[in-house]
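Undergrad: Shown below is the structure under consideration.
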Amino acid sequence: MFSARRHAAVSRALLGLSIPLLAAGGCGGGGNGAPPAFLSLGTAPPGGAFFVVGGALAEVLGEAGLRVTPEATKGSGENIRRLASGELDFAVSNSAVTYFAARGEDGWGRAYPVQAVMTLAPNVATFVSPRRHEVNRIQDLAGRRVVVGVAGAGFEHFIRPIVEAHGVTYEDFIPLYNTQAGAVDMLSDDSAAAAFLGGAVPTASIVQATAGMDTLLVPLDPEIRSRLPEQYPFYREAIIPAGTYRGQDEDYLGLDVGSMHLITRADADEETVYQATRALWERRESVVEKHPAGRAINENNASRHTGVAFHPGAVRFYREAGIWADP
């Protein structure tokens with residue numbers, strides 16, 4: 001959707017620096033005086049914010065002289081595996097999925113050597129259900145057909161703790177797998193009673209669902225909503241303001257179920273990651289022009305810890321910028 005553009009001379013003038021050549025072996029580097037190799041940035045399937053934001057990041061990095069190509073993928077889970085195998089250089093991921101992958105927990109089998117570059121927009125997601133199905137609380141999912149994301153994307157890492165805290169397991173309902181756009185279609189034709197939808201607010205899939213149906217954002221138990229962030233560092237309490245979606249007359253008290261973040265391999269070239277972090281920070285207004293999620297690149301959020309170690313190249317820039325806080 002977005003193409004990486006090479007305006008290296010302009011970028012160097014704007015940034016006041018020269019984008020160094022990539023060291024061989026790091027992030028697909030060139031070395032020996034060769035121009036930087038093309039870099040790849042994994043995004044997600046079309047229809048969600050990850051796809052668009054990932055493309056925006058790639059385009060802005062391209063404007064700064066780093067030749068980055070966005071690749072549509074199945075999402076966080078695939079991105080992490082492809083980073084580890086060397087097929088991707090950067091990727092957007094849900095911080096909840098990365099949290100478990102970096103530890104080799106919750107079904108990952110081994111620890112994946114990935115690290116954070118920048119914390120991006122909150123992923124405010126919830127179960128959405130047409131009111132005709134009378135799914136009025138999380139417990140009502142039992143026995144229903146429920147869309148839980150794209151197979152292999154890793155949604156279970158942030159959905160499972162939520163439903164289990166409410167006394168529901170994946171075995172209690174029938175999990176279905178689809179994109180967010182596909183999930184809305186399944187809600188429309190009653191192939192599913194509920195779907196877990198979300199991302200940066202407003203999320204296109206929820207806008208579509210609420211525009212075409214009398215729809216409920218299924219509420220969370222207030223005590224559970226407060227407790228989950230104490231158990232898992234990737235959760236944060238979040239509010240969807242009243243009127244964000246059609247038929248939403250009150251603030252929705254939800255969760256950031258794992259902020260979107262930019263990640264890379266732990267062995268990625270430090271200088272390349274430093275320059276990428278600096279370029280996105282200094283050109284954050286350009287990201288905003290392409291997607292409102294770019295507003296999350298700010299002093300209070302970009303270096304915010306979500307339970308995954310930051311890459312040394314990113315830490316170096318954040319320390320220089322005066323926005324780094326030790327975890």
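As shown in the structure tokens, the chain order sets the letters A, B, ...; within each chain, residues go from 1, and ligands are also counted from 1 in the order they appear.
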If you count only C-alpha atoms, which residues fall within 10 Å of Arg295 (chain A), apart from same-chain ones fewer than 5 positions away, as a VMD selection string?
TA: chain A and resid 120 to 121 284 to 285 287 to 289 301 to 302
Undergrad: Would you pick out the contacts of Asn94 (chain A) at 9 Å or less, using only C-alpha atoms, so that residues sharing its chain but fewer than 6 positions from it are not included, and give the list as a ChimeraX atom specification?
TA: /A:75-77,123,154-155,158,234,257-262
Undergrad: May I have the selected residues written with N, CA and C atoms, as a PDB file, in the first residue's frame?
TA:
ATOM      1  N   GLY A  75       0.405 -11.335  10.769  1.00  0.00           N
ATOM      2  CA  GLY A  75       0.401 -10.567  12.002  1.00  0.00           C
ATOM      3  C   GLY A  75       1.559 -10.895  12.914  1.00  0.00           C
ATOM      4  N   SER A  76       1.367 -10.613  14.213  1.00  0.00           N
ATOM      5  CA  SER A  76       2.451 -10.652  15.185  1.00  0.00           C
ATOM      6  C   SER A  76       3.182 -11.986  15.236  1.00  0.00           C
ATOM      7  N   GLY A  77       2.439 -13.082  15.317  1.00  0.00           N
ATOM      8  CA  GLY A  77       3.072 -14.385  15.447  1.00  0.00           C
ATOM      9  C   GLY A  77       3.991 -14.697  14.286  1.00  0.00           C
ATOM     10  N   ASN A 123      -3.508  -0.779  21.561  1.00  0.00           N
ATOM     11  CA  ASN A 123      -4.378  -1.708  20.845  1.00  0.00           C
ATOM     12  C   ASN A 123      -5.604  -1.931  21.723  1.00  0.00           C
ATOM     13  N   GLY A 154      -1.456 -14.926  16.880  1.00  0.00           N
ATOM     14  CA  GLY A 154      -1.114 -14.846  18.293  1.00  0.00           C
ATOM     15  C   GLY A 154      -2.120 -14.134  19.166  1.00  0.00           C
ATOM     16  N   PHE A 155      -3.341 -13.908  18.666  1.00  0.00           N
ATOM     17  CA  PHE A 155      -4.338 -13.206  19.463  1.00  0.00           C
ATOM     18  C   PHE A 155      -4.619 -13.901  20.793  1.00  0.00           C
ATOM     19  N   PHE A 158      -3.304 -12.495  24.234  1.00  0.00           N
ATOM     20  CA  PHE A 158      -3.943 -11.443  25.025  1.00  0.00           C
ATOM     21  C   PHE A 158      -5.426 -11.690  25.251  1.00  0.00           C
ATOM     22  N   PHE A 234       1.927  -5.767  29.734  1.00  0.00           N
ATOM     23  CA  PHE A 234       1.482  -5.283  28.430  1.00  0.00           C
ATOM     24  C   PHE A 234       0.056  -4.757  28.457  1.00  0.00           C
ATOM     25  N   VAL A 257      -4.867  -3.992  25.118  1.00  0.00           N
ATOM     26  CA  VAL A 257      -4.541  -5.408  25.330  1.00  0.00           C
ATOM     27  C   VAL A 257      -3.127  -5.750  24.879  1.00  0.00           C
ATOM     28  N   GLY A 258      -2.346  -4.748  24.627  1.00  0.00           N
ATOM     29  CA  GLY A 258      -0.970  -4.926  24.186  1.00  0.00           C
ATOM     30  C   GLY A 258      -0.696  -3.924  23.089  1.00  0.00           C
ATOM     31  N   SER A 259      -0.011  -2.847  23.431  1.00  0.00           N
ATOM     32  CA  SER A 259       0.226  -1.800  22.443  1.00  0.00           C
ATOM     33  C   SER A 259       0.966  -2.347  21.231  1.00  0.00           C
ATOM     34  N   MET A 260       0.636  -1.809  20.089  1.00  0.00           N
ATOM     35  CA  MET A 260       1.449  -2.065  18.913  1.00  0.00           C
ATOM     36  C   MET A 260       2.866  -1.567  19.204  1.00  0.00           C
ATOM     37  N   HIS A 261       3.865  -2.324  18.799  1.00  0.00           N
ATOM     38  CA  HIS A 261       5.223  -1.786  18.882  1.00  0.00           C
ATOM     39  C   HIS A 261       6.057  -2.271  17.707  1.00  0.00           C
ATOM     40  N   LEU A 262       7.102  -1.513  17.428  1.00  0.00           N
ATOM     41  CA  LEU A 262       8.047  -1.866  16.375  1.00  0.00           C
ATOM     42  C   LEU A 262       9.139  -2.712  17.012  1.00  0.00           C
TER      43      LEU A 262
END
Undergrad: Can you list, as a list in words, every protein, DNA or RNA residue that comes within 9 Å of Leu220 (chain A) when you count only C-alpha atoms, leaving out same-chain residues fewer than 6 positions away?
TA: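 The contact residues come out as Thr126, Arg137, Ile138, Ile162, His166, Leu253, Gly254 and Leu255 of chain A.
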Undergrad: I need the residues from that last selection saved to file as a PDB file, in the first residue's frame (with N, CA and C atoms), if you can.
TA:
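The result, stored in selection_10.pdb:
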ATOM      1  N   THR A 126     -11.791  -5.323  22.060  1.00  0.00           N
ATOM      2  CA  THR A 126     -12.830  -5.905  22.900  1.00  0.00           C
ATOM      3  C   THR A 126     -13.694  -6.826  22.065  1.00  0.00           C
ATOM      4  N   ARG A 137     -22.160 -10.045  28.467  1.00  0.00           N
ATOM      5  CA  ARG A 137     -20.984 -10.098  29.330  1.00  0.00           C
ATOM      6  C   ARG A 137     -20.074 -11.197  28.789  1.00  0.00           C
ATOM      7  N   ILE A 138     -18.827 -11.203  29.243  1.00  0.00           N
ATOM      8  CA  ILE A 138     -17.849 -12.170  28.733  1.00  0.00           C
ATOM      9  C   ILE A 138     -18.329 -13.600  28.951  1.00  0.00           C
ATOM     10  N   ILE A 162      -7.852 -12.633  29.405  1.00  0.00           N
ATOM     11  CA  ILE A 162      -9.078 -11.872  29.650  1.00  0.00           C
ATOM     12  C   ILE A 162     -10.255 -12.807  29.889  1.00  0.00           C
ATOM     13  N   HIS A 166     -12.459 -14.090  33.532  1.00  0.00           N
ATOM     14  CA  HIS A 166     -13.912 -14.038  33.671  1.00  0.00           C
ATOM     15  C   HIS A 166     -14.524 -15.430  33.799  1.00  0.00           C
ATOM     16  N   LEU A 253     -15.158   1.343  29.150  1.00  0.00           N
ATOM     17  CA  LEU A 253     -13.998   1.128  30.014  1.00  0.00           C
ATOM     18  C   LEU A 253     -13.351  -0.192  29.630  1.00  0.00           C
ATOM     19  N   GLY A 254     -12.320  -0.106  28.814  1.00  0.00           N
ATOM     20  CA  GLY A 254     -11.696  -1.295  28.259  1.00  0.00           C
ATOM     21  C   GLY A 254     -10.232  -1.426  28.622  1.00  0.00           C
ATOM     22  N   LEU A 255      -9.515  -2.126  27.772  1.00  0.00           N
ATOM     23  CA  LEU A 255      -8.096  -2.380  27.995  1.00  0.00           C
ATOM     24  C   LEU A 255      -7.315  -2.145  26.709  1.00  0.00           C
TER      25      LEU A 255
END
Undergrad: What's the 10 Å shell around Tyr318 (chain A), counting only C-alpha atoms, without same-chain residues fewer than 2 positions away, as a list in words?
TA: Met118, Tyr274, Thr277, Arg278, Trp281, Glu299, Ala302, Ser303, Pro312, Gly313, Ala314, Val315, Arg316, Glu320, Ala321, Gly322, Ile323, Trp324 and Ala325 of chain A
Undergrad: Write the selection just made, keeping C-alpha atoms, as a CSV table (one decimal), in the first residue's frame?
TA:
chain,number,residue,atom,x,y,z
A,118,MET,CA,9.5,1.8,19.7
A,274,TYR,CA,19.6,3.7,16.2
A,277,THR,CA,14.6,5.0,15.8
A,278,ARG,CA,15.9,8.6,15.3
A,281,TRP,CA,11.2,10.2,16.2
A,299,GLU,CA,7.8,11.6,25.1
A,302,ALA,CA,7.8,5.8,22.5
A,303,SER,CA,10.2,4.3,25.0
A,312,PRO,CA,20.6,-1.3,22.4
A,313,GLY,CA,20.4,0.9,19.3
A,314,ALA,CA,17.0,2.3,20.4
A,315,VAL,CA,18.1,2.7,24.0
A,316,ARG,CA,21.1,4.8,22.8
A,320,GLU,CA,20.4,11.0,23.9
A,321,ALA,CA,16.9,12.4,23.5
A,322,GLY,CA,16.4,12.4,27.3
A,323,ILE,CA,13.3,10.2,27.2
A,324,TRP,CA,14.7,6.9,28.5
A,325,ALA,CA,13.7,5.6,31.9
Undergrad: From the DSSP assignment of the backbone, select every residue of region 197-323 of chain A that is alpha helix (DSSP H), and format the answer as a ChimeraX atom specification.
TA: /A:204-212,222-231,270-282,284-290,312-321
Undergrad: Using only C-alpha atoms, which residue out of A:Gly42, A:Asp221, A:Ile206, A:Glu78 lies closest to Gly167 (chain A)?
TA: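 Ranked by minimum distance to Gly167 (chain A), first place goes to A:Asp221.
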